[in-house]
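Here is the structure we will look at, set down as structure tokens.
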Amino acid sequence: MSGGWDTTEEFVKPGQEAHQWKIEKRASGDFLFKGVTVFFAFSILAILALVAMEMYVESLPIIHKFGWWGFVKGSDWDPVNGSFGALPYIWGSVYSSILALLFATPLSVGTALFITEILPHRVGGLVASLVELLAAIPSVIYGLWGILVMVPWLQKTVEPFLIDHFGSLPFFQGAPYGVGMLAAVLILMIMTVPIITSISKEVLLAVPQSQKEAAIALGATRWEMIRMSVLPYGKSGILGAVILGLGRAIGETMAVTMVIGNTPQLSLSLVNPAYTMPSVIANEFAEATSKLHTAALMEIGLILLGVTLIVNILARLLLWSVSRNEKGGIRQ
Amino acid sequence: MNAKVQLENLNVHFGKAHAVKGASMEFPENSVTAIIGPSGCGKSTVLRSINRMHDLTPGAQVTGKIVLDGRDIYEKGCDPVAIRRRIGMVFQKPNPFPAMSIYDNVIAGYKLNGRVKRAEADEIVESSLRRVALWDEVKDRLKSAATNLSGGQQQRLCIARTVAVKPEVILMDEPCSALDPIATLKIEELIEELKEQYTVIIVTHNMQQAARVSDTTAFFYLGELVEYGDTKKLFTNPEQKQTEDYITGRFG
Amino acid sequence: MKGLILRHLKNHGMTLLMCLATLTVLLPLGLVFAYIVKMGFSSVNADFFTKIPPPPGEAGGGMANGMVGSALLIFCASALGIPVGVFGAVYLSEYGGSRISTVIRFAADVLSGVPSIITGLVAYTLLVVPMKGFSALAGAFALSLIMIPIVLRTTEEQLKLVPNSLREASLALGVPLWRTTLKVTLRSALMGVTTGVLLAIARIAGETAPLLFTALGNQFWSHKLTEPIAAMPLQIFNFAISPYDDWHRLAWAGALVLVVMMFTLSLAARSFGARKKHS
């Protein structure tokens with residue numbers, strides 16, 4: 001029994017009295033390898049904690065100066081005179097994201113339903129992968145299209161029309177700049193639709209066939225089947241998808257920065273320029289000179305992080321409850 | 001005959017479930033021992049504890065002793081990897097490595113552990129494949145994928161892979177249950193030959209198979225070792241009522 | 001009878017609405033794509049791939065430095081992010097207890113939802129401030145934070161698809177667990193892991209926000225990790241918001257190149273994924 005490899009001594013030839021159980025070498029390999037994987041796996045937790053901690057520590061100066069509430073409700077932003085209030089940015093982020101979601105949700109759910117329930121399997125798959133492919137287009141490219149194509153169109157055609165005909169409503173008061181809240185809402189809508197659609201599609205595909213057949217067997221039309229079986233079953237998953245889309249919209253930086261006009265003001269009007277939390281960080285952080293200015297931007301980042309964390313945790317819990325097994329092929 | 005492997009009061013728990021309850025028995029050297037019993041009786045669990053495969057199952061707990069050549073393989077400081085070198089295992093479904101060729105599958109035990117010299121590898125591959133009577137069937141396509149082989153060939157390949165690392169004991173977990181009768185016959189013939197060199201322990205739900213290939217048979221029922229002894233005697237004149245009921249087909 | 005007709009009418013009406021929704025979704029997406037192709041094709045030429053950007057208002061030039069910079073950033077981000085993602089996934093699927101794995105998985109999912117500009121802020125405080133300057137390294141670090149959760153989750157999914165019988169086959173041959181994991185389990189999942197990595201690369205290739213105050217951008221050639229470096233997405237951003245038509249043209253060309261690259265990557269990823277399913 002001549003072993004052919006370097007570790008032969010571990011093998012005990014039959015009839016040999018003393019066995020060598022050789023442990024160190026093997027065990028240390030396993031120990032080391034497991035150690036490496038443990039280190040990397042826990043580094044995910046460490047990263048998340050680090051992100052939150054860094055942001056908090058860096059924004060301490062402004063928290064000390066204005067307090068949480070003072071910063072959040074202040075609407076004056078004047079780095080030169082050391083006055084910082086985040087309200088216009090928070091307002092801009094919330095207003096643009098919620099409006100965008102308001103339009104994106106019915107469109108996305110309708111599309112997801114059309115793909116899964118109505119289109120033939122093959123065509124549905126094609127449309128779905130088209131939508132997914134477009135979800136992969138980077139934000140800056142949507143921004144490029146937004147600022148060079150959509151904004152001029154809004155300025156010359158859409159906004160004058162809206163102001164002329166609906167100018168009495170608070171939503172359409174102002175001058176047609178092109179850039180502004182409307183542009184941000186539209187671009188956010190275009191960008192969140194693919195995300196919500198593809199996750200909703202996964203959720204709808206997970207509806208068991210038996211659920212649908214039960215409705216069909218009762219003589220339901222296709223729409224009735226969707227309303228009776230598909231939507232109730234997919235409800236929480238679709239809600240998760242929408243909330244995930246909201247998280248995306250709130251955190252979206254480049255495209256919004258390029259089309260929203262970057263003017264901090266509190267206004268209901270869609271035609272007016274506005275500003276969002278990520279945008280002000282993007283525009284001012286690299287040039288912030290005073291310590292207080294940096295800290296103010298950091299605290300805006302911290303608020304943004306807090307909001308997106310809450311939104312994401314909520315969305316994940318909803319989506320995990322649908323897929324049950326944590327493997328759940330649902331990603332963004 | 002010498003006892004190659006001994007169980008001393010072996011207990012296996014999976015969480016709260018008590019899968020094997022205090023089994024004590026001996027597996028004689030250079031012979032075939034069959035473990036039979038209805039499904040869920042713990043026979044596979046016993047087999048898998050003999051090469052410490054349960055080490056990686058979360059919640060599995062093995063107590064008692066399993067003695068190989070006079071030493072407890074569960075004692076502290078005993079490396080399960082070294083144990084598995086000496087106690088090889090063949091599984092229920094043929095499981096050749098799908099990404100590897102026939103050649104690489106046979107030499108896998110060496111390759112996965114490091115390097116092996118080309119000439120030596122050739123020699124090991126040929127002798128192992130000859131050992132399982134597969135050489136003539138595959139010698140012209142050693143580099144083709146192992147998954148192209150038939151089920152029976154794949155299982156023999158898996159046995160060759162096990163034999164290649166020169167173990168002393170070979171455990172077989174229902175090795176023929178996924179195979180057709182002709183392939184089964186070939187494996188049974190092979191087991192017959194293997195015992196000249198190795199101690200073979202085979203789990204089977206097929207009593208005829210146990211009667212055909214084994215020298216000693218152990219019958220497990222609900223996690224307990226009911227009876228074990230000479231195969232002929234156990235099948236013709238069992239001591240326990242339960243054994244008789246089982247082999248005469250009254251249950252299980 | 002009347003009720004039935006009404007129900008059918010409603011059914012058709014709703015189907016029509018769903019169809020309209022789909023068209024409404026596809027229209028702007030199609031428009032974006034059409035513009036990128038149209039404007040991009042008329043602006044891409046050999047100079048684009050070989051020259052650096054021209055001074056403001058001048059014609060010609062290209063994004064060669066940005067392409068090299070992006071490649072370097074992606075390479076470094078991958079070097080940082082892939083090991084963490086892959087080995088973290090190995091822990092989750094091969095070692096982890098169920099509770100702690102769930103926590104880590106959840107953390108990864110949440111991390112992947114953190115706005116990318118935040119990763120830029122973190123990289124700024126952790127690297128730019130101590131190193132006293134913007135650097136390619138800080139940019140790569142920010143990008144790797146985006147990459148890690150993507151690689152982690154896809155790798156874990158792929159590892160879970162590897163049948164246990166293969167792990168057992170290797171272990172039963174007396175191969176230690178760590179070698180089994182590296183040479184059998186990860187090897188079997190290689191195609192799927194590659195898919196995940198390609199998708200992650202496609203994702204970070206277009207990221208702009210994390211680079212704004214880390215890699216910063218650079219007008220000229222640079223390959224030093226400790227200095228500001230040019231990146232395509234940053235150039236597209238800067239040119240897009242500039243008032244010059246010539247720069248706009250460069251931005252369109254950059255967008256086309258970026259999109260083609262990303263589509264190629266995700267097609268490659270898909271074909272890897274598909275091949276995995278067949279074998």
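Labeling convention for the structure tokens: chains A, B, ... as they appear, residues from 1 per chain, ligands from 1 in order of appearance.
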Handout entry: segment 62-229 of chain B: residues DSSP assigns to strand (DSSP E or B), reported as a PyMOL selection string
Key = chain B and resi 62-68+71-72+87-90+101+145+169-173+199-203+216-221+224-229
Problem - Residues of chain B within 7 Å of chain A, counting only C-alpha atoms, as JSON, numbers by chain - result: {"B": [77, 78, 79, 82, 116, 120]}
Go ahead and save the picked residues with C-alpha atoms, as a PDB file, in the first residue's frame.
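Output contents, as saved in part_8.pdb:
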ATOM      1  CA  GLY B  77      -7.932  14.658  19.099  1.00  0.00           C
ATOM      2  CA  CYS B  78      -9.026  12.224  16.463  1.00  0.00           C
ATOM      3  CA  ASP B  79      -9.330  13.912  13.108  1.00  0.00           C
ATOM      4  CA  ALA B  82      -8.112  11.049   8.707  1.00  0.00           C
ATOM      5  CA  VAL B 116      -0.202  13.904  -7.439  1.00  0.00           C
ATOM      6  CA  GLU B 120       1.373   7.535 -10.178  1.00  0.00           C
TER       7      GLU B 120
END
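All chain B residues having an atom within 6 Å of chain C, based on only C-alpha atoms, amount to Val81, Arg84, Arg85, Gly88, Met89 and Gly109 of chain B.
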Problem - At most 6 Å to chain A: residues in chain C, only C-alpha atoms, as an MDAnalysis selection string - result: chainID C and resid 11 18 21:22 84 87:88 91 110 115 178 206 213 240
Keeping only N, CA, C and O atoms, take the residues you just selected and write them out as a compact mmCIF listing (two decimals), in the first residue's frame.
# COMPACT_ATOMS: atom_id res chain seq x y z
N ASN C 11 -63.92 43.02 -17.57
CA ASN C 11 -62.73 42.22 -17.80
C ASN C 11 -61.91 42.81 -18.94
O ASN C 11 -60.71 43.04 -18.83
N MET C 18 -54.39 47.45 -18.37
CA MET C 18 -53.09 46.83 -18.10
C MET C 18 -52.18 46.97 -19.32
O MET C 18 -50.99 47.25 -19.20
N ALA C 21 -50.95 50.44 -19.47
CA ALA C 21 -49.91 50.65 -18.47
C ALA C 21 -48.57 50.15 -18.99
O ALA C 21 -47.54 50.83 -18.90
N THR C 22 -48.60 48.96 -19.60
CA THR C 22 -47.36 48.39 -20.11
C THR C 22 -46.76 49.28 -21.19
O THR C 22 -45.55 49.55 -21.19
N VAL C 84 -14.93 39.55 0.01
CA VAL C 84 -15.87 39.70 1.12
C VAL C 84 -17.20 39.05 0.76
O VAL C 84 -17.76 38.27 1.54
N PHE C 87 -16.69 34.95 0.25
CA PHE C 87 -16.42 34.19 1.47
C PHE C 87 -17.48 34.41 2.53
O PHE C 87 -17.78 33.51 3.31
N GLY C 88 -18.05 35.61 2.51
CA GLY C 88 -19.20 35.83 3.40
C GLY C 88 -20.33 34.88 3.05
O GLY C 88 -20.96 34.28 3.92
N TYR C 91 -19.67 31.46 4.30
CA TYR C 91 -20.05 31.33 5.71
C TYR C 91 -21.55 31.10 5.84
O TYR C 91 -21.98 30.19 6.55
N VAL C 110 -30.33 45.16 3.51
CA VAL C 110 -30.51 46.56 3.89
C VAL C 110 -29.37 47.40 3.32
O VAL C 110 -29.59 48.49 2.78
N PRO C 115 -28.57 54.40 -0.03
CA PRO C 115 -28.29 55.21 -1.22
C PRO C 115 -26.79 55.27 -1.50
O PRO C 115 -26.00 55.37 -0.56
N TRP C 178 -12.59 22.47 4.27
CA TRP C 178 -12.22 23.71 3.59
C TRP C 178 -11.80 23.46 2.15
O TRP C 178 -12.14 24.21 1.25
N GLY C 206 -21.68 52.09 -13.66
CA GLY C 206 -22.38 53.33 -13.96
C GLY C 206 -22.60 54.22 -12.76
O GLY C 206 -23.18 55.29 -12.87
N PHE C 213 -17.15 62.75 -4.39
CA PHE C 213 -16.17 63.30 -3.46
C PHE C 213 -15.23 62.23 -2.93
O PHE C 213 -14.81 62.24 -1.79
N ALA C 240 -22.76 66.66 -19.18
CA ALA C 240 -24.20 66.82 -19.38
C ALA C 240 -24.69 68.14 -18.79
O ALA C 240 -25.54 68.82 -19.38
Practice task
Quick one: everything within 7 Å of segment 265-269 of chain C, counting only C-alpha atoms, minus sequence neighbours fewer than 4 positions away in the same chain. Send it as a ChimeraX atom specification.
Solution key: /C:195,198-199,202,261,273
Contact residues around Ile73 of chain B with only C-alpha atoms at 10 Å, ignoring same-chain residues under 4 positions, as a PDB file with all heavy atoms, in the first residue's frame:
ATOM      1  N   TRP A  21      -3.058   9.838  14.526  1.00  0.00           N
ATOM      2  CA  TRP A  21      -4.317  10.488  14.182  1.00  0.00           C
ATOM      3  C   TRP A  21      -4.098  11.886  13.656  1.00  0.00           C
ATOM      4  O   TRP A  21      -5.049  12.612  13.417  1.00  0.00           O
ATOM      5  CB  TRP A  21      -5.241  10.571  15.380  1.00  0.00           C
ATOM      6  CG  TRP A  21      -5.651   9.241  15.926  1.00  0.00           C
ATOM      7  CD1 TRP A  21      -5.232   8.703  17.087  1.00  0.00           C
ATOM      8  CD2 TRP A  21      -6.548   8.306  15.348  1.00  0.00           C
ATOM      9  NE1 TRP A  21      -5.805   7.488  17.288  1.00  0.00           N
ATOM     10  CE2 TRP A  21      -6.622   7.212  16.221  1.00  0.00           C
ATOM     11  CE3 TRP A  21      -7.292   8.275  14.155  1.00  0.00           C
ATOM     12  CZ2 TRP A  21      -7.421   6.104  15.963  1.00  0.00           C
ATOM     13  CZ3 TRP A  21      -8.075   7.178  13.915  1.00  0.00           C
ATOM     14  CH2 TRP A  21      -8.127   6.109  14.805  1.00  0.00           C
TER      15      TRP A  21
ATOM     16  N   VAL B   5     -14.321  -3.050  13.080  1.00  0.00           N
ATOM     17  CA  VAL B   5     -15.038  -1.906  13.644  1.00  0.00           C
ATOM     18  C   VAL B   5     -15.994  -2.427  14.702  1.00  0.00           C
ATOM     19  O   VAL B   5     -16.632  -3.456  14.502  1.00  0.00           O
ATOM     20  CB  VAL B   5     -15.840  -1.160  12.556  1.00  0.00           C
ATOM     21  CG1 VAL B   5     -16.620   0.010  13.159  1.00  0.00           C
ATOM     22  CG2 VAL B   5     -14.934  -0.685  11.446  1.00  0.00           C
ATOM     23  N   SER B  49     -22.447   7.386  10.947  1.00  0.00           N
ATOM     24  CA  SER B  49     -21.645   7.736  12.124  1.00  0.00           C
ATOM     25  C   SER B  49     -20.310   7.006  12.115  1.00  0.00           C
ATOM     26  O   SER B  49     -19.389   7.420  12.799  1.00  0.00           O
ATOM     27  CB  SER B  49     -22.419   7.484  13.423  1.00  0.00           C
ATOM     28  OG  SER B  49     -23.042   6.242  13.384  1.00  0.00           O
ATOM     29  N   ILE B  50     -20.206   5.942  11.299  1.00  0.00           N
ATOM     30  CA  ILE B  50     -18.947   5.186  11.289  1.00  0.00           C
ATOM     31  C   ILE B  50     -17.815   5.964  10.614  1.00  0.00           C
ATOM     32  O   ILE B  50     -16.655   5.759  10.923  1.00  0.00           O
ATOM     33  CB  ILE B  50     -19.152   3.788  10.646  1.00  0.00           C
ATOM     34  CG1 ILE B  50     -20.167   2.993  11.484  1.00  0.00           C
ATOM     35  CG2 ILE B  50     -17.850   3.012  10.563  1.00  0.00           C
ATOM     36  CD1 ILE B  50     -20.513   1.641  10.926  1.00  0.00           C
ATOM     37  N   ASN B  51     -18.142   6.870   9.677  1.00  0.00           N
ATOM     38  CA  ASN B  51     -17.043   7.719   9.194  1.00  0.00           C
ATOM     39  C   ASN B  51     -17.273   9.194   9.543  1.00  0.00           C
ATOM     40  O   ASN B  51     -16.787  10.083   8.879  1.00  0.00           O
ATOM     41  CB  ASN B  51     -16.759   7.520   7.706  1.00  0.00           C
ATOM     42  CG  ASN B  51     -17.858   8.050   6.831  1.00  0.00           C
ATOM     43  OD1 ASN B  51     -18.970   8.291   7.303  1.00  0.00           O
ATOM     44  ND2 ASN B  51     -17.564   8.266   5.575  1.00  0.00           N
ATOM     45  N   ARG B  52     -18.008   9.406  10.607  1.00  0.00           N
ATOM     46  CA  ARG B  52     -18.196  10.730  11.182  1.00  0.00           C
ATOM     47  C   ARG B  52     -18.788  11.719  10.190  1.00  0.00           C
ATOM     48  O   ARG B  52     -18.432  12.900  10.189  1.00  0.00           O
ATOM     49  CB  ARG B  52     -16.871  11.264  11.749  1.00  0.00           C
ATOM     50  CG  ARG B  52     -16.382  10.402  12.885  1.00  0.00           C
ATOM     51  CD  ARG B  52     -15.258  11.020  13.673  1.00  0.00           C
ATOM     52  NE  ARG B  52     -15.565  12.341  14.218  1.00  0.00           N
ATOM     53  CZ  ARG B  52     -14.805  12.964  15.118  1.00  0.00           C
ATOM     54  NH1 ARG B  52     -13.710  12.374  15.575  1.00  0.00           N
ATOM     55  NH2 ARG B  52     -15.124  14.147  15.557  1.00  0.00           N
ATOM     56  N   LYS B  65     -19.195   4.726  21.739  1.00  0.00           N
ATOM     57  CA  LYS B  65     -17.899   4.566  21.082  1.00  0.00           C
ATOM     58  C   LYS B  65     -18.055   3.875  19.741  1.00  0.00           C
ATOM     59  O   LYS B  65     -18.915   3.003  19.575  1.00  0.00           O
ATOM     60  CB  LYS B  65     -16.988   3.694  21.950  1.00  0.00           C
ATOM     61  CG  LYS B  65     -16.324   4.414  23.091  1.00  0.00           C
ATOM     62  CD  LYS B  65     -15.370   3.437  23.756  1.00  0.00           C
ATOM     63  CE  LYS B  65     -14.625   4.102  24.909  1.00  0.00           C
ATOM     64  NZ  LYS B  65     -13.741   3.140  25.562  1.00  0.00           N
ATOM     65  N   ILE B  66     -17.206   4.282  18.784  1.00  0.00           N
ATOM     66  CA  ILE B  66     -17.034   3.478  17.584  1.00  0.00           C
ATOM     67  C   ILE B  66     -15.549   3.186  17.509  1.00  0.00           C
ATOM     68  O   ILE B  66     -14.730   4.111  17.420  1.00  0.00           O
ATOM     69  CB  ILE B  66     -17.536   4.216  16.334  1.00  0.00           C
ATOM     70  CG1 ILE B  66     -19.050   4.434  16.435  1.00  0.00           C
ATOM     71  CG2 ILE B  66     -17.173   3.430  15.084  1.00  0.00           C
ATOM     72  CD1 ILE B  66     -19.662   5.112  15.243  1.00  0.00           C
ATOM     73  N   VAL B  67     -15.221   1.934  17.600  1.00  0.00           N
ATOM     74  CA  VAL B  67     -13.817   1.567  17.720  1.00  0.00           C
ATOM     75  C   VAL B  67     -13.315   1.006  16.393  1.00  0.00           C
ATOM     76  O   VAL B  67     -13.906   0.098  15.821  1.00  0.00           O
ATOM     77  CB  VAL B  67     -13.628   0.524  18.844  1.00  0.00           C
ATOM     78  CG1 VAL B  67     -12.185   0.086  18.910  1.00  0.00           C
ATOM     79  CG2 VAL B  67     -14.091   1.112  20.164  1.00  0.00           C
ATOM     80  N   LEU B  68     -12.265   1.621  15.904  1.00  0.00           N
ATOM     81  CA  LEU B  68     -11.630   1.138  14.680  1.00  0.00           C
ATOM     82  C   LEU B  68     -10.247   0.638  15.054  1.00  0.00           C
ATOM     83  O   LEU B  68      -9.439   1.412  15.583  1.00  0.00           O
ATOM     84  CB  LEU B  68     -11.531   2.285  13.664  1.00  0.00           C
ATOM     85  CG  LEU B  68     -10.704   2.024  12.406  1.00  0.00           C
ATOM     86  CD1 LEU B  68     -11.388   1.025  11.500  1.00  0.00           C
ATOM     87  CD2 LEU B  68     -10.450   3.320  11.662  1.00  0.00           C
ATOM     88  N   ASP B  69      -9.975  -0.638  14.829  1.00  0.00           N
ATOM     89  CA  ASP B  69      -8.691  -1.227  15.190  1.00  0.00           C
ATOM     90  C   ASP B  69      -8.287  -0.849  16.616  1.00  0.00           C
ATOM     91  O   ASP B  69      -7.153  -0.445  16.872  1.00  0.00           O
ATOM     92  CB  ASP B  69      -7.596  -0.754  14.218  1.00  0.00           C
ATOM     93  CG  ASP B  69      -7.722  -1.470  12.884  1.00  0.00           C
ATOM     94  OD1 ASP B  69      -8.370  -2.542  12.855  1.00  0.00           O
ATOM     95  OD2 ASP B  69      -7.189  -0.957  11.893  1.00  0.00           O
ATOM     96  N   GLY B  77      -9.204  14.629  19.797  1.00  0.00           N
ATOM     97  CA  GLY B  77      -7.932  14.658  19.099  1.00  0.00           C
ATOM     98  C   GLY B  77      -7.884  13.731  17.913  1.00  0.00           C
ATOM     99  O   GLY B  77      -6.868  13.618  17.247  1.00  0.00           O
ATOM    100  N   CYS B  78      -9.003  13.083  17.637  1.00  0.00           N
ATOM    101  CA  CYS B  78      -9.026  12.224  16.463  1.00  0.00           C
ATOM    102  C   CYS B  78      -9.637  13.003  15.308  1.00  0.00           C
ATOM    103  O   CYS B  78     -10.728  13.565  15.422  1.00  0.00           O
ATOM    104  CB  CYS B  78      -9.845  10.983  16.779  1.00  0.00           C
ATOM    105  SG  CYS B  78     -10.297  10.085  15.332  1.00  0.00           S
ATOM    106  N   ASP B  79      -8.915  13.061  14.220  1.00  0.00           N
ATOM    107  CA  ASP B  79      -9.330  13.912  13.108  1.00  0.00           C
ATOM    108  C   ASP B  79     -10.317  13.189  12.199  1.00  0.00           C
ATOM    109  O   ASP B  79      -9.987  12.147  11.637  1.00  0.00           O
ATOM    110  CB  ASP B  79      -8.084  14.312  12.325  1.00  0.00           C
ATOM    111  CG  ASP B  79      -8.449  15.178  11.142  1.00  0.00           C
ATOM    112  OD1 ASP B  79      -9.564  15.716  11.123  1.00  0.00           O
ATOM    113  OD2 ASP B  79      -7.598  15.305  10.239  1.00  0.00           O
ATOM    114  N   PRO B  80     -11.518  13.710  12.038  1.00  0.00           N
ATOM    115  CA  PRO B  80     -12.501  13.036  11.178  1.00  0.00           C
ATOM    116  C   PRO B  80     -12.009  12.885   9.750  1.00  0.00           C
ATOM    117  O   PRO B  80     -12.366  11.921   9.069  1.00  0.00           O
ATOM    118  CB  PRO B  80     -13.725  13.955  11.252  1.00  0.00           C
ATOM    119  CG  PRO B  80     -13.252  15.231  11.833  1.00  0.00           C
ATOM    120  CD  PRO B  80     -12.067  14.918  12.669  1.00  0.00           C
ATOM    121  N   ALA B  82      -8.965  12.240   8.767  1.00  0.00           N
ATOM    122  CA  ALA B  82      -8.112  11.049   8.707  1.00  0.00           C
ATOM    123  C   ALA B  82      -8.961   9.784   8.768  1.00  0.00           C
ATOM    124  O   ALA B  82      -8.670   8.796   8.089  1.00  0.00           O
ATOM    125  CB  ALA B  82      -7.111  11.076   9.863  1.00  0.00           C
ATOM    126  N   ILE B  83     -10.026   9.839   9.570  1.00  0.00           N
ATOM    127  CA  ILE B  83     -10.928   8.693   9.670  1.00  0.00           C
ATOM    128  C   ILE B  83     -11.557   8.392   8.316  1.00  0.00           C
ATOM    129  O   ILE B  83     -11.624   7.237   7.869  1.00  0.00           O
ATOM    130  CB  ILE B  83     -12.062   9.000  10.686  1.00  0.00           C
ATOM    131  CG1 ILE B  83     -11.488   9.088  12.089  1.00  0.00           C
ATOM    132  CG2 ILE B  83     -13.155   7.950  10.626  1.00  0.00           C
ATOM    133  CD1 ILE B  83     -10.803   7.847  12.525  1.00  0.00           C
TER     134      ILE B  83
END
Practice task
List the neighbours of Ser214 of chain B out to 7 Å using only C-alpha atoms; skip same-chain residues closer than 2 positions along the sequence, and give me the result as a list of chain:residue names.
Solution key: B:Val32, B:Thr33, B:Ala34, B:Ala210, B:Ala211, B:Arg212, B:Thr216, B:Thr217, B:Thr231
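Atom CA of Glu192 of chain B sits 23.9 Å away from atom CA of Ile102 of chain B.
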Exercise for the section: Record the distance separating atom CA of Thr263 of chain A and atom CA of Tyr275 of chain A, expressed in Å with one decimal. Expected result: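 Separation of atom CA of Thr263 of chain A and atom CA of Tyr275 of chain A: 5.3 Å.
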Practice task
Within 7 Å of segment 138-154 of chain C, counting only C-alpha atoms, which residues show up once you throw out same-chain ones fewer than 4 positions away? Write them as a PyMOL selection string, please.
Solution key: chain C and resi 73-74+76-78+80-82+84-86+88-89+108-109+111-112+119-120+123-124+127-128+158+193+196-197+200+204+210-211+214-215
Exercise for the section: Would you list the contacts of Met100 of chain B as a PyMOL selection string, taking every protein, DNA or RNA residue within 8 Å and counting only C-alpha atoms, but skipping same-chain residues closer than 4 positions in sequence? Expected result: chain B and resi 104-105+145-146
Could those selected residues go to a file with all heavy atoms, as a short mmCIF file (atom, residue, chain, number, x, y, z; two decimals), in the first residue's frame?
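And here is the file that came out, out_20.cif:
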data_model
loop_
_atom_site.label_atom_id
_atom_site.label_comp_id
_atom_site.auth_asym_id
_atom_site.auth_seq_id
_atom_site.Cartn_x
_atom_site.Cartn_y
_atom_site.Cartn_z
N ASP B 104 -10.40 12.15 -13.78
CA ASP B 104 -10.29 13.06 -12.63
C ASP B 104 -11.14 12.61 -11.46
O ASP B 104 -10.79 12.83 -10.30
CB ASP B 104 -10.67 14.49 -13.03
CG ASP B 104 -9.60 15.13 -13.90
OD1 ASP B 104 -8.47 14.61 -13.89
OD2 ASP B 104 -9.91 16.12 -14.58
N ASN B 105 -12.26 11.98 -11.77
CA ASN B 105 -13.10 11.49 -10.69
C ASN B 105 -12.39 10.41 -9.88
O ASN B 105 -12.44 10.42 -8.66
CB ASN B 105 -14.41 10.92 -11.25
CG ASN B 105 -15.56 11.88 -11.06
OD1 ASN B 105 -16.07 12.04 -9.96
ND2 ASN B 105 -15.93 12.57 -12.14
N ALA B 145 -16.68 13.29 -19.84
CA ALA B 145 -17.34 13.63 -18.57
C ALA B 145 -17.92 12.39 -17.91
O ALA B 145 -18.48 11.51 -18.57
CB ALA B 145 -18.44 14.64 -18.82
N ALA B 146 -17.78 12.33 -16.60
CA ALA B 146 -18.26 11.17 -15.85
C ALA B 146 -19.77 11.06 -15.93
O ALA B 146 -20.34 9.97 -15.80
CB ALA B 146 -17.82 11.29 -14.40
#
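Counting from atom CA of Ile100 of chain C, the distance to atom CA of Glu156 of chain C is 14.5 Å.
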Exercise for the section: Find, counting only C-alpha atoms, the residue in A:Ile303, A:Val80, A:Leu87, A:Ile260 that gets nearest to Thr289 of chain A. Expected result: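 Of A:Ile303, A:Val80, A:Leu87, A:Ile260, the one nearest Thr289 of chain A, counting only C-alpha atoms, is A:Val80.
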